[in-house]
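Q: Got a structure for you, coords-v2.txt, holding compact mmCIF, C-alpha atoms.
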# COMPACT_ATOMS: atom_id res chain seq x y z
CA MET A 1 0.00 0.00 0.00
CA ARG A 2 1.30 3.45 -0.88
CA LEU A 3 2.39 5.66 2.02
CA LYS A 4 -0.22 8.28 1.17
CA ASP A 5 -2.97 5.65 1.21
CA GLN A 6 -1.78 4.44 4.62
CA VAL A 7 -1.84 7.98 5.98
CA MET A 8 -5.29 8.71 4.61
CA LYS A 9 -6.76 5.57 6.19
CA ALA A 10 -5.89 6.86 9.68
CA GLU A 11 -6.46 10.17 11.48
CA VAL A 12 -4.57 13.06 9.90
CA PRO A 13 -3.40 15.60 12.50
CA LYS A 14 -5.56 18.71 12.46
CA HIS A 15 -2.73 21.12 13.32
CA ILE A 16 0.88 20.61 12.26
CA ALA A 17 3.78 22.95 13.04
CA LEU A 18 7.00 23.13 11.06
CA ILE A 19 10.35 24.58 12.13
CA LEU A 20 11.85 25.43 8.74
CA ASP A 21 15.49 24.77 9.50
CA GLY A 22 18.50 24.22 7.25
CA ASN A 23 18.07 26.71 4.41
CA GLY A 24 21.56 28.13 4.85
CA ARG A 25 23.25 24.76 5.29
CA TRP A 26 21.45 23.39 2.25
CA ALA A 27 22.70 26.32 0.17
CA LYS A 28 26.25 26.10 1.54
CA LYS A 29 26.51 22.46 0.45
CA ARG A 30 25.75 23.69 -3.06
CA LYS A 31 28.27 26.54 -2.80
CA MET A 32 25.44 29.06 -3.01
CA PRO A 33 24.64 32.07 -0.77
CA ARG A 34 22.30 31.66 2.19
CA THR A 35 19.69 33.81 0.45
CA TYR A 36 19.45 31.15 -2.27
CA GLY A 37 18.56 28.65 0.43
CA HIS A 38 15.84 30.96 1.74
CA LYS A 39 14.47 31.39 -1.79
CA LYS A 40 14.21 27.65 -2.30
CA GLY A 41 12.83 27.26 1.22
CA ALA A 42 10.06 29.75 0.47
CA GLU A 43 9.20 27.94 -2.75
CA ASN A 44 9.07 24.67 -0.84
CA LEU A 45 6.70 26.20 1.71
CA ARG A 46 4.16 26.76 -1.06
CA ARG A 47 4.55 23.16 -2.19
CA ILE A 48 4.17 21.63 1.27
CA ALA A 49 1.28 23.94 2.23
CA LEU A 50 -0.69 22.91 -0.85
CA PHE A 51 -0.05 19.24 -0.12
CA ALA A 52 -0.99 19.58 3.55
CA SER A 53 -4.25 21.18 2.46
CA GLU A 54 -4.85 18.35 -0.01
CA ILE A 55 -4.57 15.63 2.64
CA GLY A 56 -6.88 17.36 5.10
CA VAL A 57 -4.65 19.26 7.52
CA GLU A 58 -6.73 22.08 9.02
CA ALA A 59 -3.90 24.35 10.21
CA LEU A 60 -0.21 24.55 9.32
CA SER A 61 1.99 26.79 11.49
CA VAL A 62 5.46 27.51 10.14
CA TYR A 63 8.40 29.15 11.91
CA ALA A 64 9.59 31.52 9.20
CA PHE A 65 11.37 34.29 11.18
CA SER A 66 12.04 34.30 14.90
CA THR A 67 12.45 37.20 17.32
CA GLU A 68 16.13 36.19 17.53
CA ASN A 69 16.69 36.23 13.75
CA TRP A 70 17.23 40.00 13.78
CA SER A 71 20.85 39.28 14.75
CA ARG A 72 21.53 37.73 11.34
CA PRO A 73 23.39 39.61 8.56
CA LYS A 74 21.46 42.56 7.10
CA GLU A 75 21.44 41.06 3.60
CA GLU A 76 19.75 37.94 4.91
CA ILE A 77 17.18 39.90 6.97
CA ASP A 78 16.35 42.10 3.99
CA TYR A 79 15.72 39.01 1.91
CA LEU A 80 13.52 37.39 4.55
CA MET A 81 11.44 40.59 4.70
CA GLU A 82 10.38 39.80 1.13
CA LEU A 83 8.62 36.59 2.20
CA PRO A 84 5.17 38.16 2.79
CA SER A 85 5.18 39.59 -0.75
CA MET A 86 5.37 36.07 -2.16
CA PHE A 87 1.99 35.29 -0.63
CA GLU A 88 0.47 38.35 -2.27
CA GLU A 89 2.12 38.05 -5.67
CA GLU A 90 3.46 34.58 -6.49
CA TYR A 91 1.30 32.22 -4.43
CA LYS A 92 -2.05 33.99 -4.36
CA GLY A 93 -3.56 32.04 -7.28
CA SER A 94 -2.92 28.52 -6.03
CA PHE A 95 -3.78 29.41 -2.45
CA LYS A 96 -7.03 31.07 -3.50
CA GLU A 97 -7.95 28.04 -5.60
CA GLU A 98 -7.38 25.73 -2.61
CA LYS A 99 -9.20 28.17 -0.28
CA ILE A 100 -6.12 28.51 1.95
CA ARG A 101 -6.36 31.33 4.47
CA VAL A 102 -3.05 33.02 5.36
CA ILE A 103 -2.44 34.62 8.75
CA PHE A 104 0.71 35.97 10.40
CA SER A 105 1.59 35.40 14.07
CA GLY A 106 4.21 37.48 15.86
CA ARG A 107 5.30 41.04 16.45
CA ARG A 108 4.66 43.61 13.76
CA ASP A 109 6.00 46.79 15.32
CA ARG A 110 9.60 46.09 14.25
CA PHE A 111 8.83 45.66 10.56
CA PRO A 112 9.11 48.48 8.02
CA LYS A 113 5.73 50.13 7.37
CA GLU A 114 5.44 48.60 3.91
CA VAL A 115 5.90 45.08 5.31
CA GLN A 116 3.24 45.72 7.98
CA GLU A 117 0.82 46.94 5.32
CA LEU A 118 1.61 43.96 3.10
CA ILE A 119 0.88 41.50 5.92
CA GLU A 120 -2.45 43.21 6.57
CA ARG A 121 -3.38 43.03 2.88
CA VAL A 122 -2.56 39.33 2.63
CA GLU A 123 -4.66 38.55 5.70
CA GLU A 124 -7.54 40.73 4.54
CA LYS A 125 -7.66 39.18 1.06
CA SER A 126 -7.78 35.62 2.39
CA LYS A 127 -9.88 36.13 5.54
CA ASP A 128 -13.08 34.61 4.12
CA ARG A 129 -11.49 31.43 2.78
CA THR A 130 -12.77 28.24 4.34
CA GLY A 131 -9.89 25.83 3.77
CA MET A 132 -6.66 25.20 5.64
CA VAL A 133 -5.15 28.03 7.69
CA LEU A 134 -1.51 28.71 6.91
CA ASN A 135 -0.09 30.43 9.98
CA ILE A 136 3.18 32.21 9.16
CA CYS A 137 5.07 32.81 12.40
CA PHE A 138 7.05 35.93 11.47
CA ASP A 139 9.09 37.81 14.09
CA TYR A 140 7.62 35.23 16.42
CA GLY A 141 8.93 34.17 19.82
CA SER A 142 6.94 32.04 22.22
CA LYS A 143 8.27 33.70 25.36
CA TYR A 144 7.25 37.10 23.99
CA GLU A 145 3.83 35.67 23.05
CA VAL A 146 3.19 34.34 26.58
CA GLY A 147 4.41 37.59 28.15
CA LYS A 148 2.10 39.56 25.86
CA ALA A 149 -0.82 37.30 26.83
CA VAL A 150 -0.16 37.83 30.56
CA LYS A 151 -0.07 41.63 30.12
CA GLU A 152 -3.37 41.55 28.23
CA ILE A 153 -4.97 39.37 30.91
CA VAL A 154 -3.82 41.75 33.66
CA SER A 155 -5.21 44.69 31.68
CA ASP A 156 -8.57 42.96 31.19
CA VAL A 157 -8.79 42.15 34.90
CA LYS A 158 -8.08 45.79 35.80
CA ASP A 159 -10.73 46.97 33.32
CA GLY A 160 -13.31 44.57 34.71
CA HIS A 161 -13.57 42.47 31.54
CA LEU A 162 -12.19 39.37 33.24
CA GLU A 163 -12.51 37.93 36.75
CA GLU A 164 -9.19 36.99 38.33
CA LYS A 165 -10.64 33.84 39.91
CA SER A 166 -11.74 32.57 36.51
CA ILE A 167 -8.20 32.56 35.04
CA ASP A 168 -6.88 29.11 34.18
CA GLU A 169 -4.68 27.58 31.46
CA ASP A 170 -7.53 27.82 28.95
CA THR A 171 -7.78 31.53 29.64
CA ILE A 172 -4.10 31.99 28.82
CA TYR A 173 -4.51 29.97 25.63
CA ASP A 174 -7.33 32.28 24.57
CA TYR A 175 -4.85 35.17 24.52
CA LEU A 176 -2.25 33.42 22.33
CA TYR A 177 -1.85 34.02 18.61
CA THR A 178 -3.12 30.50 17.92
CA ARG A 179 -6.37 30.83 19.90
CA ASP A 180 -8.54 30.30 16.81
CA LEU A 181 -6.60 27.28 15.54
CA PRO A 182 -7.02 23.62 16.54
CA LYS A 183 -4.75 22.43 19.35
CA LEU A 184 -1.30 21.48 18.07
CA ASP A 185 -0.96 17.77 17.27
CA LEU A 186 2.43 17.38 15.58
CA LEU A 187 5.57 19.51 15.49
CA ILE A 188 8.22 18.75 12.87
CA ARG A 189 11.74 20.17 12.79
CA THR A 190 13.98 19.73 9.79
CA SER A 191 17.78 19.70 9.47
CA GLY A 192 18.65 17.50 12.45
CA GLU A 193 18.36 19.87 15.40
CA GLN A 194 16.26 18.58 18.30
CA ARG A 195 15.01 21.61 20.18
CA LEU A 196 12.03 23.96 20.05
CA SER A 197 14.00 27.21 19.77
CA ASN A 198 11.29 29.31 21.43
CA PHE A 199 8.53 28.07 19.11
CA LEU A 200 4.98 27.35 20.29
CA LEU A 201 6.15 26.40 23.78
CA MET A 202 2.74 26.38 25.45
CA GLN A 203 0.98 24.94 22.40
CA SER A 204 3.47 22.06 22.32
CA ALA A 205 2.63 20.81 25.82
CA TYR A 206 1.07 17.60 24.47
CA ALA A 207 2.11 17.73 20.83
CA GLU A 208 4.09 14.90 19.28
CA PHE A 209 7.59 15.79 18.05
CA TYR A 210 9.24 14.54 14.88
CA PHE A 211 12.84 15.39 13.93
CA THR A 212 14.41 14.76 10.54
CA LYS A 213 17.92 15.41 9.21
CA THR A 214 16.51 16.56 5.88
CA HIS A 215 17.13 20.27 5.27
CA TRP A 216 13.97 22.29 4.69
CA PRO A 217 14.49 23.04 0.96
CA ALA A 218 14.77 19.28 0.35
CA PHE A 219 11.75 18.36 2.51
CA ARG A 220 9.13 16.88 0.19
CA GLU A 221 5.62 15.48 0.34
CA LYS A 222 6.96 12.01 1.15
CA ASN A 223 8.82 13.45 4.16
CA LEU A 224 5.62 14.99 5.48
CA LEU A 225 3.78 11.72 4.96
CA LYS A 226 6.51 9.84 6.87
CA ALA A 227 6.19 12.27 9.78
CA ILE A 228 2.40 11.95 9.83
CA ARG A 229 2.58 8.15 9.58
CA ASN A 230 4.99 8.10 12.52
CA TYR A 231 2.58 10.34 14.44
CA GLN A 232 -0.27 7.93 13.70
CA THR A 233 1.62 5.11 15.42
CA ARG A 234 2.04 7.06 18.67
CA ASN A 235 -0.02 6.28 21.77
CA ARG A 236 -1.32 9.71 22.76
CA ARG A 237 -2.43 9.48 26.41
CA PHE A 238 -2.25 13.20 27.38
CA GLY A 239 -0.92 12.27 30.81
CA GLY A 240 -3.49 9.54 31.46
CA LEU A 241 -3.69 5.83 30.74
CA LYS A 242 -4.91 4.34 27.52
CA LYS A 243 -8.35 2.77 27.91
So that I can check it, write out the structure of this file as structure tokens.

A:
Amino acid sequence: MRLKDQVMKAEVPKHIALILDGNGRWAKKRKMPRTYGHKKGAENLRRIALFASEIGVEALSVYAFSTENWSRPKEEIDYLMELPSMFEEEYKGSFKEEKIRVIFSGRRDRFPKEVQELIERVEEKSKDRTGMVLNICFDYGSKYEVGKAVKEIVSDVKDGHLEEKSIDEDTIYDYLYTRDLPKLDLLIRTSGEQRLSNFLLMQSAYAEFYFTKTHWPAFREKNLLKAIRNYQTRNRRFGGLKK
């Protein structure tokens, strides 16, 4: 039986997260600049997003630019700032056809004004689509996200919009960027590293992890299927015992 058929016969995770790692290393092996790796990585994101939508994934969160990535060389940062434009110009047709909604999670105040406006346009144009949600985590850091949520909760308590005694873990989750997405099922990291790197820390509490040595630009549909098939063999008990 083909791998895709095996995957489709079992439960496909509703929400998958991807740490897109290895663009620079992939390019270096080919004696190309790091920006070439990011270009191919962005093209691959379109490919994998369309395939994830095809097999029934409801939400795909991708770690495209972290709060720590600002320390990278200016040339590389400038190139990464062009990523949102690809969703407005190059990918809009195929995403619209597949009804993929695009949202951005993360800080926006540190982007140039034109990038902020571009992000808003992409979200606005796709807001009514009913298919998979592609969540681009851009200038995203989980510790910042949780800190922001706590500040907003404190503010709402002070303003009388929220009772302090009612605050629990679900309340905190309701203030995260991912509040409207299904709970995270599977987190995949490419390129061999085995850490979360400040990505979706709270959302990953009971997610399954899958690590692969494949660099992101070389990560293909079969790699995603392998990760999902591995996920489908896991015994997810969420801290309890299997009945």

Q: I'd like to know which of A:Lys9, A:Lys226, A:Lys99, A:Arg25 is closest to A:Glu54, using all atoms listed in the file.

A: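 Answer, going by the shortest atom-to-atom distance: A:Lys99.
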
Q: Could you tell me which of A:Ser85, A:Ser197, A:Gln232, A:Ser105 comes closest to A:Ile19 if we count all atoms listed in the file?

A: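 Closest candidate: A:Ser197.
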
Q: By how many Å are atom CA of A:Gly147 and atom CA of A:Glu58 apart?

A: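 Computing it gives 27.0 Å between the two atoms.
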
Q: Find, counting all atoms listed in the file, the residue in A:Val122, A:Val102, A:Leu225, A:Val115 that gets nearest to A:Ile136.

A: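 Among A:Val122, A:Val102, A:Leu225, A:Val115, it is A:Val102 that comes nearest to A:Ile136.
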
Q: Which residues of stretch 2-26 of chain A come within 12 Å of stretch 203-214 of chain A, and for each one, what is the closest pair of atoms and their distance in Å to one decimal, counting all atoms listed in the file, sorted by chain and residue number, as a tab-separated table?

A:
residue	atom	partner	partner_atom	distance
A:Pro13	CA	A:Glu208	CA	10.1
A:Lys14	CA	A:Ala207	CA	11.4
A:His15	CA	A:Ala207	CA	9.6
A:Ile16	CA	A:Ala207	CA	9.1
A:Ala17	CA	A:Ser204	CA	9.3
A:Leu18	CA	A:Tyr210	CA	9.7
A:Ile19	CA	A:Phe211	CA	9.7
A:Leu20	CA	A:Thr214	CA	10.4
A:Asp21	CA	A:Thr214	CA	9.0
A:Gly22	CA	A:Thr214	CA	8.0
A:Asn23	CA	A:Thr214	CA	10.4
A:Arg25	CA	A:Thr214	CA	10.6
A:Trp26	CA	A:Thr214	CA	9.2

Q: Could you please take those selected residues and save C-alpha atoms as a short mmCIF file (atom, residue, chain, number, x, y, z; two decimals), in the coordinates of the input?

A:
data_model
loop_
_atom_site.label_atom_id
_atom_site.label_comp_id
_atom_site.auth_asym_id
_atom_site.auth_seq_id
_atom_site.Cartn_x
_atom_site.Cartn_y
_atom_site.Cartn_z
CA PRO A 13 -3.40 15.60 12.50
CA LYS A 14 -5.56 18.71 12.46
CA HIS A 15 -2.73 21.12 13.32
CA ILE A 16 0.88 20.61 12.26
CA ALA A 17 3.78 22.95 13.04
CA LEU A 18 7.00 23.13 11.06
CA ILE A 19 10.35 24.58 12.13
CA LEU A 20 11.85 25.43 8.74
CA ASP A 21 15.49 24.77 9.50
CA GLY A 22 18.50 24.22 7.25
CA ASN A 23 18.07 26.71 4.41
CA ARG A 25 23.25 24.76 5.29
CA TRP A 26 21.45 23.39 2.25
#
